[in-house]
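Source file: target-v2.txt (compact mmCIF, C-alpha atoms)
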```
# COMPACT_ATOMS: atom_id res chain seq x y z
CA MET A 1 0.00 0.00 0.00
CA ALA A 2 1.07 3.58 -0.56
CA THR A 3 2.35 5.63 2.37
CA PRO A 4 3.23 9.35 2.64
CA ILE A 5 6.26 10.62 0.73
CA GLY A 6 6.86 13.33 3.32
CA ASN A 7 3.86 14.79 5.10
CA LEU A 8 2.54 12.08 7.43
CA ARG A 9 -1.04 13.23 6.90
CA ASP A 10 -0.87 12.24 3.22
CA ILE A 11 -2.26 8.78 3.89
CA THR A 12 -5.71 7.53 3.00
CA LEU A 13 -8.36 6.52 5.52
CA ARG A 14 -8.46 3.10 3.86
CA ALA A 15 -4.70 2.65 4.34
CA LEU A 16 -5.02 3.48 8.05
CA ASP A 17 -7.84 0.95 8.40
CA VAL A 18 -5.76 -1.76 6.70
CA LEU A 19 -2.65 -1.02 8.79
CA ALA A 20 -4.68 -1.15 11.99
CA ALA A 21 -6.37 -4.44 11.06
CA ALA A 22 -3.40 -6.33 9.55
CA ASP A 23 -1.91 -9.21 11.53
CA VAL A 24 1.56 -8.29 10.22
CA VAL A 25 2.94 -5.07 8.69
CA ALA A 26 5.86 -5.81 6.36
CA ALA A 27 8.03 -2.72 5.89
CA GLU A 28 11.12 -1.69 3.93
CA ASP A 29 12.46 0.10 7.03
CA THR A 30 10.70 -0.87 10.24
CA ARG A 31 11.95 2.29 12.00
CA ASN A 32 10.31 4.61 9.47
CA THR A 33 7.10 2.61 9.49
CA ALA A 34 7.03 2.45 13.30
CA HIS A 35 7.16 6.25 13.33
CA LEU A 36 4.25 6.41 10.86
CA LEU A 37 2.16 3.93 12.81
CA THR A 38 2.82 5.64 16.13
CA HIS A 39 1.93 9.01 14.63
CA HIS A 40 -1.48 7.64 13.68
CA GLY A 41 -2.03 5.78 16.94
CA ILE A 42 -1.49 2.28 15.51
CA SER A 43 0.49 -0.40 17.34
CA ALA A 44 3.95 -1.01 15.89
CA ASN A 45 4.42 -4.43 17.52
CA ARG A 46 3.60 -6.43 14.36
CA LEU A 47 6.41 -5.22 12.09
CA MET A 48 8.71 -7.38 9.95
CA ALA A 49 11.46 -6.17 7.61
CA VAL A 50 11.18 -6.67 3.83
CA HIS A 51 13.83 -4.82 1.81
CA GLN A 52 15.96 -5.29 -1.30
CA HIS A 53 18.50 -7.46 0.54
CA ASN A 54 16.05 -9.99 1.98
CA GLU A 55 12.99 -9.73 -0.25
CA ARG A 56 13.12 -13.26 -1.68
CA GLY A 57 13.46 -14.93 1.70
CA ALA A 58 10.92 -12.63 3.32
CA ALA A 59 8.46 -13.35 0.51
CA GLU A 60 8.50 -17.05 1.44
CA LYS A 61 7.68 -16.19 5.05
CA ILE A 62 4.85 -13.87 4.00
CA VAL A 63 3.38 -16.49 1.68
CA ALA A 64 3.40 -18.93 4.61
CA LEU A 65 1.66 -16.36 6.83
CA LEU A 66 -1.02 -15.74 4.22
CA GLN A 67 -1.55 -19.46 3.69
CA ALA A 68 -2.01 -19.78 7.45
CA GLY A 69 -4.86 -17.29 7.24
CA GLN A 70 -3.08 -14.17 8.47
CA SER A 71 -3.31 -10.79 6.77
CA VAL A 72 -0.16 -8.91 5.78
CA ALA A 73 0.13 -5.23 4.79
CA PHE A 74 3.28 -4.28 2.88
CA VAL A 75 4.70 -0.75 2.73
CA SER A 76 7.94 0.74 1.41
CA ASP A 77 9.67 3.72 3.01
CA ALA A 78 7.52 6.21 1.13
CA GLY A 79 5.09 6.28 -1.76
CA THR A 80 3.95 3.19 -3.62
CA PRO A 81 5.80 -0.16 -3.21
CA ALA A 82 7.33 -1.81 -6.29
CA VAL A 83 7.62 1.55 -8.10
CA SER A 84 11.39 2.14 -7.89
CA ASP A 85 11.09 0.46 -4.49
CA PRO A 86 11.08 -3.12 -3.18
CA GLY A 87 7.87 -5.09 -3.60
CA ALA A 88 7.77 -6.56 -7.09
CA LEU A 89 9.38 -9.88 -6.06
CA LEU A 90 7.06 -10.14 -3.06
CA VAL A 91 3.98 -9.48 -5.17
CA GLN A 92 5.13 -12.04 -7.74
CA ALA A 93 5.63 -14.69 -5.07
CA VAL A 94 2.24 -14.06 -3.47
CA ARG A 95 0.44 -14.20 -6.82
CA ALA A 96 2.36 -17.32 -7.87
CA ALA A 97 1.07 -18.99 -4.71
CA GLY A 98 -2.48 -18.30 -5.85
CA LEU A 99 -3.06 -15.68 -3.16
CA ARG A 100 -4.71 -12.31 -3.58
CA VAL A 101 -2.81 -9.03 -3.81
CA ILE A 102 -4.89 -5.91 -3.10
CA PRO A 103 -3.40 -2.49 -4.06
CA ILE A 104 -4.11 0.39 -1.68
CA PRO A 105 -3.34 3.53 -3.74
CA GLY A 106 -2.08 6.81 -2.40
CA ALA A 107 0.90 9.17 -2.53
CA ASN A 108 3.28 8.99 -5.49
CA ALA A 109 6.19 11.39 -6.02
CA ALA A 110 6.21 11.16 -9.83
CA ILE A 111 2.51 11.97 -10.18
CA ALA A 112 2.74 14.76 -7.60
CA ALA A 113 5.60 16.36 -9.54
CA LEU A 114 3.81 16.04 -12.88
CA SER A 115 0.66 17.61 -11.44
CA ALA A 116 2.60 20.68 -10.30
CA ALA A 117 4.86 21.04 -13.37
CA GLY A 118 2.44 22.43 -15.93
CA THR A 119 3.22 21.80 -19.59
CA LEU A 120 6.78 20.90 -20.54
CA SER A 121 6.25 20.79 -24.31
CA MET A 122 8.43 23.12 -26.35
CA ASP A 123 5.44 24.83 -27.99
CA GLY A 124 3.49 25.25 -24.75
CA SER A 125 0.76 22.78 -25.70
CA ALA A 126 -0.60 20.24 -23.24
CA ASN A 127 1.03 16.82 -23.56
CA PRO A 128 -0.49 14.23 -21.21
CA HIS A 129 1.97 11.50 -22.19
CA PHE A 130 4.93 10.65 -19.98
CA LEU A 131 7.45 7.85 -19.57
CA PHE A 132 8.39 6.91 -16.01
CA HIS A 133 11.97 5.66 -15.94
CA GLY A 134 12.72 5.87 -12.23
CA PHE A 135 16.37 5.83 -11.17
CA LEU A 136 19.08 6.04 -13.82
CA PRO A 137 22.35 4.06 -13.38
CA ASN A 138 24.77 5.38 -10.76
CA LYS A 139 27.80 5.73 -13.05
CA SER A 140 27.96 8.46 -15.69
CA ALA A 141 28.89 6.20 -18.63
CA ALA A 142 26.02 3.81 -17.94
CA ARG A 143 23.69 6.73 -17.28
CA ARG A 144 24.48 8.30 -20.65
CA THR A 145 23.98 4.97 -22.40
CA ALA A 146 20.54 4.64 -20.81
CA LEU A 147 19.67 8.21 -21.81
CA GLU A 148 20.62 7.53 -25.42
CA THR A 149 17.78 4.99 -25.59
CA LEU A 150 15.35 7.69 -24.39
CA ARG A 151 16.60 10.59 -26.53
CA ASP A 152 13.96 10.28 -29.26
CA GLN A 153 10.98 9.80 -26.95
CA ALA A 154 8.40 12.52 -27.64
CA CYS A 155 6.78 12.26 -24.21
CA THR A 156 7.86 13.84 -20.93
CA LEU A 157 10.60 11.79 -19.23
CA VAL A 158 10.31 11.19 -15.48
CA PHE A 159 13.31 10.25 -13.33
CA TYR A 160 14.03 9.80 -9.63
CA GLU A 161 17.41 10.89 -8.33
CA ALA A 162 19.27 10.98 -5.02
CA PRO A 163 20.82 14.22 -3.69
CA HIS A 164 24.44 13.08 -3.98
CA ARG A 165 24.01 12.35 -7.72
CA ILE A 166 21.66 15.13 -8.80
CA VAL A 167 24.32 17.51 -10.20
CA GLU A 168 26.05 14.77 -12.24
CA CYS A 169 22.68 13.47 -13.41
CA VAL A 170 21.55 16.87 -14.67
CA ALA A 171 24.88 17.37 -16.46
CA ASP A 172 24.43 14.04 -18.28
CA LEU A 173 20.81 14.84 -19.13
CA CYS A 174 21.94 18.08 -20.73
CA ALA A 175 24.82 16.44 -22.62
CA VAL A 176 22.70 13.65 -24.09
CA LEU A 177 19.25 15.19 -24.50
CA GLY A 178 20.28 18.78 -25.27
CA GLY A 179 20.20 21.95 -23.20
CA GLU A 180 17.20 23.46 -24.97
CA ARG A 181 14.77 21.03 -23.40
CA GLN A 182 12.63 22.19 -20.50
CA THR A 183 13.14 20.55 -17.12
CA VAL A 184 11.42 20.62 -13.76
CA LEU A 185 13.40 19.78 -10.63
CA ALA A 186 11.01 18.80 -7.85
CA ARG A 187 12.64 18.17 -4.48
CA GLU A 188 11.34 17.35 -1.01
CA ILE A 189 7.76 17.03 -2.29
CA THR A 190 5.17 17.54 0.51
CA LYS A 191 7.96 18.35 3.00
CA LEU A 192 8.88 21.63 4.69
CA PHE A 193 11.44 22.71 2.06
CA GLU A 194 9.52 21.55 -1.00
CA THR A 195 10.88 23.19 -4.17
CA ILE A 196 9.58 22.90 -7.73
CA HIS A 197 11.87 24.71 -10.15
CA SER A 198 11.42 24.97 -13.92
CA CYS A 199 14.15 26.03 -16.36
CA PRO A 200 15.87 25.04 -19.61
CA LEU A 201 18.01 21.96 -19.05
CA ARG A 202 21.17 23.93 -19.86
CA ASP A 203 20.53 26.14 -16.78
CA ALA A 204 19.68 23.37 -14.31
CA GLU A 205 23.23 22.55 -13.18
CA ALA A 206 24.04 26.19 -12.46
CA TRP A 207 20.80 26.57 -10.48
CA LEU A 208 21.70 23.57 -8.33
CA MET A 209 25.29 24.72 -7.82
CA SER A 210 24.32 28.26 -6.82
CA ASP A 211 22.98 27.05 -3.46
CA SER A 212 24.01 23.79 -1.80
CA ASN A 213 20.60 23.58 -0.13
CA ARG A 214 19.08 23.08 -3.57
CA GLN A 215 20.94 19.76 -3.81
CA ARG A 216 19.32 18.34 -0.68
CA GLY A 217 16.47 15.85 -0.55
CA GLU A 218 15.01 13.31 -2.92
CA PHE A 219 14.37 14.53 -6.47
CA VAL A 220 11.86 13.96 -9.21
CA VAL A 221 13.34 15.24 -12.49
CA LEU A 222 11.03 15.90 -15.42
CA VAL A 223 12.40 16.56 -18.91
CA SER A 224 10.37 17.59 -21.95
CA GLY A 225 10.19 15.10 -24.79
CA ALA A 226 11.99 15.23 -28.10
CA VAL A 227 10.56 17.54 -30.74
CA PRO A 228 9.40 15.44 -33.72
CA GLN A 229 11.68 15.94 -36.70
CA PRO A 230 10.37 16.10 -40.27
CA GLY A 231 11.21 13.22 -42.56
CA LEU A 232 12.08 9.69 -41.54
CA PRO A 233 12.01 8.72 -37.84
CA ALA A 234 15.42 8.52 -36.19
CA GLU A 235 14.90 4.84 -35.46
CA ALA A 236 14.30 4.08 -39.16
CA ARG A 237 17.52 5.90 -40.02
CA ARG A 238 19.48 3.87 -37.46
CA VAL A 239 18.03 0.60 -38.71
CA LEU A 240 18.88 1.44 -42.30
CA GLU A 241 22.41 2.56 -41.42
CA THR A 242 23.05 -0.69 -39.53
CA LEU A 243 21.72 -2.86 -42.36
CA LEU A 244 23.71 -0.99 -45.01
CA GLY A 245 26.86 -1.92 -43.14
CA GLU A 246 26.10 -5.62 -43.65
CA LEU A 247 23.88 -5.99 -46.73
CA PRO A 248 23.54 -4.78 -50.34
CA LEU A 249 21.55 -1.58 -50.74
CA LYS A 250 18.30 -3.06 -52.08
CA GLN A 251 18.17 -5.79 -49.47
CA ALA A 252 18.97 -3.32 -46.69
CA VAL A 253 16.14 -1.03 -47.83
CA GLN A 254 13.69 -3.92 -48.04
CA LEU A 255 14.47 -5.13 -44.52
CA ALA A 256 14.51 -1.59 -43.09
CA THR A 257 11.04 -1.02 -44.55
CA GLN A 258 9.73 -4.19 -42.91
CA ILE A 259 11.37 -3.49 -39.55
CA SER A 260 10.63 0.22 -39.19
CA GLY A 261 7.40 0.58 -41.14
CA ALA A 262 8.82 3.68 -42.88
CA GLY A 263 8.20 4.39 -46.57
CA ARG A 264 10.31 2.36 -48.99
CA ASN A 265 10.93 5.24 -51.38
CA GLU A 266 12.15 7.53 -48.59
CA LEU A 267 14.42 4.82 -47.25
CA TYR A 268 15.77 4.09 -50.72
CA GLN A 269 16.65 7.75 -51.32
CA LEU A 270 18.26 7.97 -47.89
CA ALA A 271 20.24 4.79 -48.60
CA LEU A 272 21.59 6.31 -51.80
CA GLN A 273 22.67 9.40 -49.87
CA MET A 274 24.35 7.29 -47.20
CA LYS A 275 26.22 5.24 -49.78
CA ALA A 276 27.35 8.37 -51.62
CA ALA A 277 28.52 10.13 -48.47
CA PRO A 278 32.30 10.05 -47.88
CA GLU A 279 33.51 7.68 -45.16
```

Taking this structure as input, can you express it in the form of structure tokens?
Amino acid sequence: MATPIGNLRDITLRALDVLAAADVVAAEDTRNTAHLLTHHGISANRLMAVHQHNERGAAEKIVALLQAGQSVAFVSDAGTPAVSDPGALLVQAVRAAGLRVIPIPGANAAIAALSAAGTLSMDGSANPHFLFHGFLPNKSAARRTALETLRDQACTLVFYEAPHRIVECVADLCAVLGGERQTVLAREITKLFETIHSCPLRDAEAWLMSDSNRQRGEFVVLVSGAVPQPGLPAEARRVLETLLGELPLKQAVQLATQISGAGRNELYQLALQMKAAPE
């Protein structure tokens, strides 16, 4: 079930009822959950730990509890479990055992940030589409590789990031996606120092560096999608270029047409240009 991402009052009445009635409360961090339960006057004596380091083993114990007729409520540290948090393996194990999994919806950092961001499209039009990626890889090289796969997405991109990586992350976003894109940096959502800052991606690093306090807290980073380019889609171009390196021109065009769905005539003309271009 979803729990608050900051403000302890951001929990549903249904979630409180379930937490109070559950035989066991499985939690990513029992200390954080104990604080939440105590705040709402619920006993914290029924807690068990379920986190990324013990999830498989804990799932077996929870399945056994459920099969014995007990009820178990599962929460992560904040927000919705299994969304860039532990929980997916537990849910899979419970469902595989033929037992019921009941979602209790509530707070979610990504949706909260999107709701307060306004439009991020380059022309100011409303674009309801977004792609939730969650956390990018820790290392810069791997992070840039992951971003390359997202570069041509036309929808808003949604990332989570930790405070100690936020400056490096923003620098890589700018390098791979381009500084002209619009970004929203949402930090400490629902907490005392909540900040939601919008700027071109090229200015984001400087904004963070100008005040060390701006680098504190958990971040949701939103980045506007790619602007559609006239002509053939970038993916069709990449497919054709790869095939031309291995096959004769006509065969490469034929396969590229089948794979990408792009027009054969356009691909053929592009193939001629690629072949004529100097190495």

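Between atom CA of A:Ala146 and atom CA of A:Gly179 there is a distance of 17.5 Å.
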
Within 7 Å of stretch 182-194 of chain A, which residues of stretch 75-127 of chain A come that close, and what is the closest atom pair and distance in Å for each? Count all atoms listed in the file and give it as JSON lines.
```
{"residue": "A:Ala109", "atom": "CA", "partner": "A:Ile189", "partner_atom": "CA", "distance": 6.9}
{"residue": "A:Ala113", "atom": "CA", "partner": "A:Ala186", "partner_atom": "CA", "distance": 6.2}
{"residue": "A:Ala117", "atom": "CA", "partner": "A:Val184", "partner_atom": "CA", "distance": 6.6}
{"residue": "A:Leu120", "atom": "CA", "partner": "A:Gln182", "partner_atom": "CA", "distance": 6.0}
```

- [ ] Find the residues near A:Glu235: any atom within 12 Å, counting all atoms listed in the file, skip ones fewer than 2 places away on the same chain, and give them as a PyMOL selection string.
- [x] chain A and resi 148-153+229+231-233+237-242+256-257+259-262+267

Contacts between stretch 3-10 of chain A and stretch 33-104 of chain A, please, where a residue of stretch 33-104 of chain A counts if it comes within 10 Å (with only C-alpha atoms); show its shortest atom pair and distance in Å to one decimal, rows by chain and ascending number, as CSV.
```
residue,atom,partner,partner_atom,distance
A:Thr33,CA,A:Thr3,CA,9.1
A:His35,CA,A:Leu8,CA,9.5
A:Leu36,CA,A:Leu8,CA,6.8
A:Leu37,CA,A:Leu8,CA,9.8
A:His39,CA,A:Leu8,CA,7.9
A:His40,CA,A:Leu8,CA,8.7
A:Phe74,CA,A:Thr3,CA,10.0
A:Val75,CA,A:Thr3,CA,6.8
A:Ser76,CA,A:Thr3,CA,7.5
A:Asp77,CA,A:Thr3,CA,7.6
A:Ala78,CA,A:Ile5,CA,4.6
A:Gly79,CA,A:Thr3,CA,5.0
A:Thr80,CA,A:Thr3,CA,6.7
A:Pro81,CA,A:Thr3,CA,8.8
A:Ile104,CA,A:Thr3,CA,9.3
```

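Atom pair atom CA of A:Gly87 / atom CA of A:Gly57 has a distance of 12.5 Å (rounded to one decimal).
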
Open item on the list: Using Å and a single decimal, report how far atom CA of A:Ser140 sits from atom CA of A:Gly245.
Closed with: 29.4 Å

Box for stretch 260-268 of chain A - axis-aligned, 3 Å on each of the six sides, all listed atoms - centre and size in Å to one decimal, as JSON.
```
{"center_x": 11.6, "center_y": 3.9, "center_z": -45.3, "size_x": 14.4, "size_y": 13.3, "size_z": 18.2}
```

- [ ] List every protein, DNA or RNA residue with an atom no more than 9 Å from (2.1, -5.9, 7.9) in the file's coordinates, counting only C-alpha atoms, and format the result as a PyMOL selection string.
- [x] chain A and resi 18-19+22-27+46-48+71-75

Open item on the list: Under the rule that only C-alpha atoms are counted, which of A:Lys139, A:Leu90, A:Ile42, A:Val170 is the nearest residue to A:Lys61?
Closed with: A:Leu90

TODO: Name the residues in contact with A:Ser224 at a cut-off of 10 Å, using all atoms listed in the file, excluding same-chain residues fewer than 2 positions from it; report them as a PyMOL selection string.
DONE: chain A and resi 119-122+127+130+153-158+177+180-184+200-201+222+226-227

For the selection just defined, write its residues with C-alpha atoms to a file, as a short mmCIF file (atom, residue, chain, number, x, y, z; two decimals), in the coordinates of the input.
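Just written: result-v3.cif:
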```cif
data_model
loop_
_atom_site.label_atom_id
_atom_site.label_comp_id
_atom_site.auth_asym_id
_atom_site.auth_seq_id
_atom_site.Cartn_x
_atom_site.Cartn_y
_atom_site.Cartn_z
CA THR A 119 3.22 21.80 -19.59
CA LEU A 120 6.78 20.90 -20.54
CA SER A 121 6.25 20.79 -24.31
CA MET A 122 8.43 23.12 -26.35
CA ASN A 127 1.03 16.82 -23.56
CA PHE A 130 4.93 10.65 -19.98
CA GLN A 153 10.98 9.80 -26.95
CA ALA A 154 8.40 12.52 -27.64
CA CYS A 155 6.78 12.26 -24.21
CA THR A 156 7.86 13.84 -20.93
CA LEU A 157 10.60 11.79 -19.23
CA VAL A 158 10.31 11.19 -15.48
CA LEU A 177 19.25 15.19 -24.50
CA GLU A 180 17.20 23.46 -24.97
CA ARG A 181 14.77 21.03 -23.40
CA GLN A 182 12.63 22.19 -20.50
CA THR A 183 13.14 20.55 -17.12
CA VAL A 184 11.42 20.62 -13.76
CA PRO A 200 15.87 25.04 -19.61
CA LEU A 201 18.01 21.96 -19.05
CA LEU A 222 11.03 15.90 -15.42
CA ALA A 226 11.99 15.23 -28.10
CA VAL A 227 10.56 17.54 -30.74
#
```

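Counting all atoms listed in the file and comparing A:Val83, A:Cys174, A:Ala107, A:Ala59, the residue that lies closest to A:Arg95 is A:Ala59.
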
Please identify all polymer residues within 7 Å of stretch 203-215 of chain A, counting only C-alpha atoms, omitting same-chain residues fewer than 4 positions from it, and present them as a JSON list (two decimals) with C-alpha atoms, keeping the file's coordinate frame.
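The new file around19.json reads:
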```json
[["chain", "number", "residue", "atom", "x", "y", "z"],
["A", 163, "PRO", "CA", 20.82, 14.22, -3.69],
["A", 166, "ILE", "CA", 21.66, 15.13, -8.80],
["A", 167, "VAL", "CA", 24.32, 17.51, -10.20],
["A", 170, "VAL", "CA", 21.55, 16.87, -14.67],
["A", 171, "ALA", "CA", 24.88, 17.37, -16.46],
["A", 199, "CYS", "CA", 14.15, 26.03, -16.36]]
```

- [ ] Just the residues within 8 Å of A:Phe159, please, counting only C-alpha atoms, with nothing from its chain fewer than 2 positions along; format it as a PyMOL selection string.
- [x] chain A and resi 110+132-136+157+161+220-222

Please produce a file of the residues just selected, as an mmCIF file, in the frame of the given file, where the atoms kept are C-alpha atoms.
```
data_model
loop_
_atom_site.group_PDB
_atom_site.id
_atom_site.type_symbol
_atom_site.label_atom_id
_atom_site.label_comp_id
_atom_site.auth_asym_id
_atom_site.auth_seq_id
_atom_site.Cartn_x
_atom_site.Cartn_y
_atom_site.Cartn_z
ATOM 1 C CA ALA A 110 6.210 11.160 -9.830
ATOM 2 C CA PHE A 132 8.390 6.910 -16.010
ATOM 3 C CA HIS A 133 11.970 5.660 -15.940
ATOM 4 C CA GLY A 134 12.720 5.870 -12.230
ATOM 5 C CA PHE A 135 16.370 5.830 -11.170
ATOM 6 C CA LEU A 136 19.080 6.040 -13.820
ATOM 7 C CA LEU A 157 10.600 11.790 -19.230
ATOM 8 C CA GLU A 161 17.410 10.890 -8.330
ATOM 9 C CA VAL A 220 11.860 13.960 -9.210
ATOM 10 C CA VAL A 221 13.340 15.240 -12.490
ATOM 11 C CA LEU A 222 11.030 15.900 -15.420
#
```

Where atoms are absent from stretch 44-62 of chain A, fill them in so it carries N, CA and C atoms, then output it as a short mmCIF file (atom, residue, chain, number, x, y, z; two decimals), in the coordinates of the input.
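Saved result, out_18.cif, follows:
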```cif
data_model
loop_
_atom_site.label_atom_id
_atom_site.label_comp_id
_atom_site.auth_asym_id
_atom_site.auth_seq_id
_atom_site.Cartn_x
_atom_site.Cartn_y
_atom_site.Cartn_z
N ALA A 44 2.82 -0.68 16.76
CA ALA A 44 3.95 -1.01 15.89
C ALA A 44 4.60 -2.33 16.30
N ASN A 45 3.86 -3.18 17.01
CA ASN A 45 4.42 -4.43 17.52
C ASN A 45 4.39 -5.57 16.50
N ARG A 46 3.79 -5.33 15.32
CA ARG A 46 3.60 -6.43 14.36
C ARG A 46 4.45 -6.24 13.11
N LEU A 47 5.58 -5.56 13.24
CA LEU A 47 6.41 -5.22 12.09
C LEU A 47 7.39 -6.33 11.74
N MET A 48 7.61 -6.54 10.43
CA MET A 48 8.71 -7.38 9.95
C MET A 48 9.38 -6.67 8.78
N ALA A 49 10.68 -6.87 8.63
CA ALA A 49 11.46 -6.17 7.61
C ALA A 49 11.40 -6.91 6.27
N VAL A 50 11.13 -6.15 5.20
CA VAL A 50 11.18 -6.67 3.83
C VAL A 50 11.84 -5.59 2.98
N HIS A 51 13.10 -5.82 2.59
CA HIS A 51 13.83 -4.82 1.81
C HIS A 51 14.57 -5.52 0.67
N GLN A 52 15.34 -4.73 -0.08
CA GLN A 52 15.96 -5.29 -1.30
C GLN A 52 16.97 -6.40 -0.99
N HIS A 53 17.48 -6.45 0.22
CA HIS A 53 18.50 -7.46 0.54
C HIS A 53 17.90 -8.77 1.05
N ASN A 54 16.63 -8.76 1.45
CA ASN A 54 16.05 -9.99 1.98
C ASN A 54 14.69 -10.32 1.37
N GLU A 55 14.36 -9.64 0.26
CA GLU A 55 12.99 -9.73 -0.25
C GLU A 55 12.59 -11.15 -0.64
N ARG A 56 13.48 -11.90 -1.26
CA ARG A 56 13.12 -13.26 -1.68
C ARG A 56 12.81 -14.15 -0.47
N GLY A 57 13.69 -14.12 0.52
CA GLY A 57 13.46 -14.93 1.70
C GLY A 57 12.24 -14.48 2.47
N ALA A 58 12.06 -13.16 2.60
CA ALA A 58 10.92 -12.63 3.32
C ALA A 58 9.61 -12.97 2.60
N ALA A 59 9.66 -13.02 1.27
CA ALA A 59 8.46 -13.35 0.51
C ALA A 59 7.97 -14.75 0.87
N GLU A 60 8.89 -15.69 1.06
CA GLU A 60 8.50 -17.05 1.44
C GLU A 60 7.79 -17.06 2.79
N LYS A 61 8.30 -16.26 3.72
CA LYS A 61 7.68 -16.19 5.05
C LYS A 61 6.28 -15.57 4.96
N ILE A 62 6.15 -14.54 4.12
CA ILE A 62 4.85 -13.87 4.00
C ILE A 62 3.84 -14.79 3.32
#
```
